Amino acid sequence: MDNSFISDMSIFNNDISFLIKLRAKPQILEIVKKKHLDEISDEISIQDKKNDLLIWNAMYTREIVENGILTRYLHPIYNKFYTLIPTLNTIDDLQTIEIQMIDTYINLLINDVEVKDNFVINRILKHLHLNIESQISIKKLSGELNLSEGYISDCFKKHMGMTIMKYAKKIRIDRAKVLLVTTTSSILEIGLTLGFHDQSHFHKVFKSFTGVSPSEYRNNNFG
């Protein structure tokens, strides 16, 4: 047995700290599982493993706080692991709790991002539906949300599967389909009401979404 075991804090500082910022849980788990194999091979002592986990618990807490999670959410988690680690008496149990520690801390970050993303998506959707008859400006939208154009564009596409502008066109076409079969307004009037430049523009966008022209859609579905 090698009695010169050195704390693996360097692994945390050099690799995992960066991966935490990326919320890259699979990559973190891969590093830690490899470390577990090395610990078994090196016959790490139970006390050394406990000491390192106590250090990692503190370092995870620090990193999570630096990435935007409020400390009041972390205290119960930190205390749980701080209390549990000294009670474990096998390497297998200690390594198992290390995996649980990663799951708990990184999921907290991931869920926080999802909550923020959902808030942003809901704000964007509300804006698009309330302004369905107006020209949509991503620049104006980003100003209202106080977020960058790149962030709201990427966030929306990630969760909705299409760009903001394509979604804006989609809901206009959905509204146009209703107006075409429930009103006698002309195709030009409907197109202009929904913010299209002219009848040709309306025709082109409508057909790209439905496969038929506005007049064909009306003839096939009216009455």
# chains A, B, ... in the order shown; residues from 1 in each chain; ligands from 1
>>> residues_around(residues="A:Gln95", least_positions_apart="6", cutoff="12 Å", atoms="only C-alpha atoms", output="list in words")
Leu29, Val32, Lys33, Lys34, Lys35, His36, Leu37, Asp38, Glu39, Ile40, Ile44, Ile46, Lys49, Lys50, Asp52, Leu53, Ile85, Leu88, Asn89, Met101 and Ile102 of chain A
>>> select_by_dssp(residues="stretch 12-206 of chain A", states="helix (DSSP H, G or I)", output="PyMOL selection string")
chain A and resi 12-21+25-42+46-66+71-87+91-130+138-145+149-160+164-182+187-193+199-206
>>> write_last_selection(atoms="C-alpha atoms", output="short mmCIF file (atom, residue, chain, number, x, y, z; two decimals), in the first residue's frame")
data_model
loop_
_atom_site.label_atom_id
_atom_site.label_comp_id
_atom_site.auth_asym_id
_atom_site.auth_seq_id
_atom_site.Cartn_x
_atom_site.Cartn_y
_atom_site.Cartn_z
CA PHE A 12 -10.82 19.45 -9.11
CA ASN A 13 -8.95 22.67 -9.78
CA ASN A 14 -7.67 21.72 -13.21
CA ASP A 15 -10.60 19.84 -14.71
CA ILE A 16 -13.81 19.67 -12.75
CA SER A 17 -14.00 23.36 -11.90
CA PHE A 18 -14.12 24.12 -15.62
CA LEU A 19 -16.65 21.36 -16.32
CA ILE A 20 -18.94 22.62 -13.56
CA LYS A 21 -19.22 25.92 -15.41
CA LYS A 25 -22.11 16.14 -15.57
CA PRO A 26 -21.28 13.14 -17.82
CA GLN A 27 -17.70 14.35 -18.26
CA ILE A 28 -17.33 14.98 -14.52
CA LEU A 29 -18.61 11.50 -13.75
CA GLU A 30 -16.18 10.02 -16.24
CA ILE A 31 -13.22 11.71 -14.53
CA VAL A 32 -14.38 10.68 -11.07
CA LYS A 33 -15.02 7.06 -12.05
CA LYS A 34 -11.51 6.84 -13.47
CA LYS A 35 -10.23 8.31 -10.21
CA HIS A 36 -12.12 5.59 -8.34
CA LEU A 37 -10.25 2.90 -10.26
CA ASP A 38 -6.95 4.58 -9.39
CA GLU A 39 -7.95 4.74 -5.73
CA ILE A 40 -8.63 1.01 -5.66
CA SER A 41 -5.38 0.29 -7.47
CA ASP A 42 -3.44 2.52 -5.07
CA ILE A 46 -10.55 4.97 4.16
CA GLN A 47 -9.46 7.99 6.19
CA ASP A 48 -7.72 9.57 3.20
CA LYS A 49 -10.84 9.05 1.12
CA LYS A 50 -13.02 10.60 3.82
CA ASN A 51 -10.71 13.61 4.04
CA ASP A 52 -10.79 14.15 0.30
CA LEU A 53 -14.57 13.89 0.13
CA LEU A 54 -14.92 16.48 2.87
CA ILE A 55 -12.65 18.76 0.83
CA TRP A 56 -14.60 18.07 -2.36
CA ASN A 57 -17.87 18.77 -0.58
CA ALA A 58 -16.59 22.23 0.38
CA MET A 59 -15.18 22.86 -3.09
CA TYR A 60 -18.39 21.84 -4.85
CA THR A 61 -20.25 24.27 -2.63
CA ARG A 62 -17.84 27.07 -3.49
CA GLU A 63 -18.02 26.38 -7.21
CA ILE A 64 -21.81 26.17 -7.25
CA VAL A 65 -22.09 29.49 -5.42
CA GLU A 66 -19.70 31.09 -7.91
CA THR A 71 -26.00 29.78 -0.49
CA ARG A 72 -29.28 29.17 1.34
CA TYR A 73 -30.07 26.40 -1.14
CA LEU A 74 -26.68 24.79 -0.57
CA HIS A 75 -26.51 24.68 3.22
CA PRO A 76 -28.78 21.62 3.63
CA ILE A 77 -26.91 19.75 0.89
CA TYR A 78 -23.48 20.61 2.25
CA ASN A 79 -24.51 19.65 5.79
CA LYS A 80 -26.00 16.36 4.60
CA PHE A 81 -22.74 15.20 3.02
CA TYR A 82 -20.57 16.72 5.77
CA THR A 83 -22.47 14.65 8.33
CA LEU A 84 -22.72 11.48 6.25
CA ILE A 85 -19.13 11.10 5.00
CA PRO A 86 -17.51 10.39 8.42
CA THR A 87 -20.04 7.62 9.11
CA ILE A 91 -14.22 2.60 0.00
CA ASP A 92 -17.20 1.37 -1.99
CA ASP A 93 -19.64 3.35 0.17
CA LEU A 94 -17.46 6.45 0.00
CA GLN A 95 -17.17 6.25 -3.77
CA THR A 96 -20.92 5.74 -4.06
CA ILE A 97 -21.59 8.84 -1.99
CA GLU A 98 -19.16 10.76 -4.18
CA ILE A 99 -21.30 9.97 -7.23
CA GLN A 100 -24.40 11.05 -5.32
CA MET A 101 -22.62 14.27 -4.39
CA ILE A 102 -21.93 15.05 -8.04
CA ASP A 103 -25.53 14.27 -9.03
CA THR A 104 -26.91 16.50 -6.31
CA TYR A 105 -24.69 19.52 -6.87
CA ILE A 106 -24.63 19.50 -10.67
CA ASN A 107 -28.38 18.84 -10.94
CA LEU A 108 -28.91 21.91 -8.80
CA LEU A 109 -27.05 23.96 -11.39
CA ILE A 110 -28.76 22.29 -14.35
CA ASN A 111 -32.23 22.80 -12.87
CA ASP A 112 -31.42 26.42 -12.13
CA VAL A 113 -30.53 26.95 -15.80
CA GLU A 114 -33.74 25.23 -16.90
CA VAL A 115 -35.83 27.45 -14.63
CA LYS A 116 -34.15 30.53 -16.06
CA ASP A 117 -34.58 29.24 -19.60
CA ASN A 118 -38.26 28.49 -19.02
CA PHE A 119 -38.79 32.01 -17.69
CA VAL A 120 -37.12 33.46 -20.78
CA ILE A 121 -39.11 31.21 -23.15
CA ASN A 122 -42.39 32.18 -21.49
CA ARG A 123 -41.54 35.87 -21.79
CA ILE A 124 -40.68 35.47 -25.47
CA LEU A 125 -43.87 33.50 -26.21
CA LYS A 126 -45.98 36.10 -24.43
CA HIS A 127 -44.34 38.87 -26.45
CA LEU A 128 -44.86 37.05 -29.75
CA HIS A 129 -48.52 36.28 -29.13
CA LEU A 130 -49.33 39.76 -27.86
CA ILE A 138 -35.17 40.41 -31.78
CA LYS A 139 -33.17 43.50 -30.86
CA LYS A 140 -36.22 45.07 -29.22
CA LEU A 141 -37.10 41.79 -27.53
CA SER A 142 -33.60 41.40 -26.10
CA GLY A 143 -33.82 44.93 -24.74
CA GLU A 144 -37.12 44.20 -22.99
CA LEU A 145 -35.69 41.03 -21.44
CA GLU A 149 -29.83 38.70 -28.74
CA GLY A 150 -27.59 35.65 -29.00
CA TYR A 151 -28.76 34.21 -25.67
CA ILE A 152 -32.49 34.56 -26.31
CA SER A 153 -32.10 33.23 -29.86
CA ASP A 154 -30.11 30.17 -28.77
CA CYS A 155 -32.34 29.56 -25.75
CA PHE A 156 -35.53 29.70 -27.83
CA LYS A 157 -34.23 27.43 -30.58
CA LYS A 158 -32.92 24.92 -28.04
CA HIS A 159 -36.29 24.55 -26.32
CA MET A 160 -38.74 25.21 -29.17
CA ILE A 164 -37.89 33.07 -32.90
CA MET A 165 -38.66 34.50 -36.33
CA LYS A 166 -39.90 31.17 -37.69
CA TYR A 167 -42.14 30.71 -34.66
CA ALA A 168 -43.50 34.25 -35.12
CA LYS A 169 -44.38 33.37 -38.72
CA LYS A 170 -45.94 30.08 -37.63
CA ILE A 171 -48.37 31.67 -35.18
CA ARG A 172 -49.30 34.29 -37.78
CA ILE A 173 -50.07 31.56 -40.28
CA ASP A 174 -52.10 29.70 -37.65
CA ARG A 175 -54.10 32.89 -37.07
CA ALA A 176 -54.45 33.43 -40.83
CA LYS A 177 -55.90 29.93 -41.26
CA VAL A 178 -58.60 30.78 -38.73
CA LEU A 179 -59.38 34.13 -40.35
CA LEU A 180 -59.54 32.59 -43.82
CA VAL A 181 -62.31 30.18 -42.84
CA THR A 182 -64.21 32.29 -40.31
CA ILE A 187 -56.63 37.62 -48.48
CA LEU A 188 -54.79 40.94 -48.79
CA GLU A 189 -56.56 42.34 -45.71
CA ILE A 190 -55.72 39.27 -43.66
CA GLY A 191 -52.10 39.37 -44.75
CA LEU A 192 -51.68 43.06 -43.95
CA THR A 193 -53.47 42.66 -40.61
CA GLN A 199 -50.16 39.72 -50.67
CA SER A 200 -47.20 38.13 -52.44
CA HIS A 201 -45.23 37.93 -49.18
CA PHE A 202 -48.23 36.49 -47.36
CA HIS A 203 -48.81 33.93 -50.13
CA LYS A 204 -45.18 32.78 -50.06
CA VAL A 205 -44.98 32.35 -46.28
CA PHE A 206 -48.42 30.74 -46.03
#
>>> atom_distance(atom1="atom CA of A:Asp198", atom2="atom CA of A:Val212")
17.4 Å
>>> closest_residue(among="A:Thr90, A:Lys207, A:Gly161, A:Arg23", to="A:Ser45", atoms="only C-alpha atoms")
A:Thr90
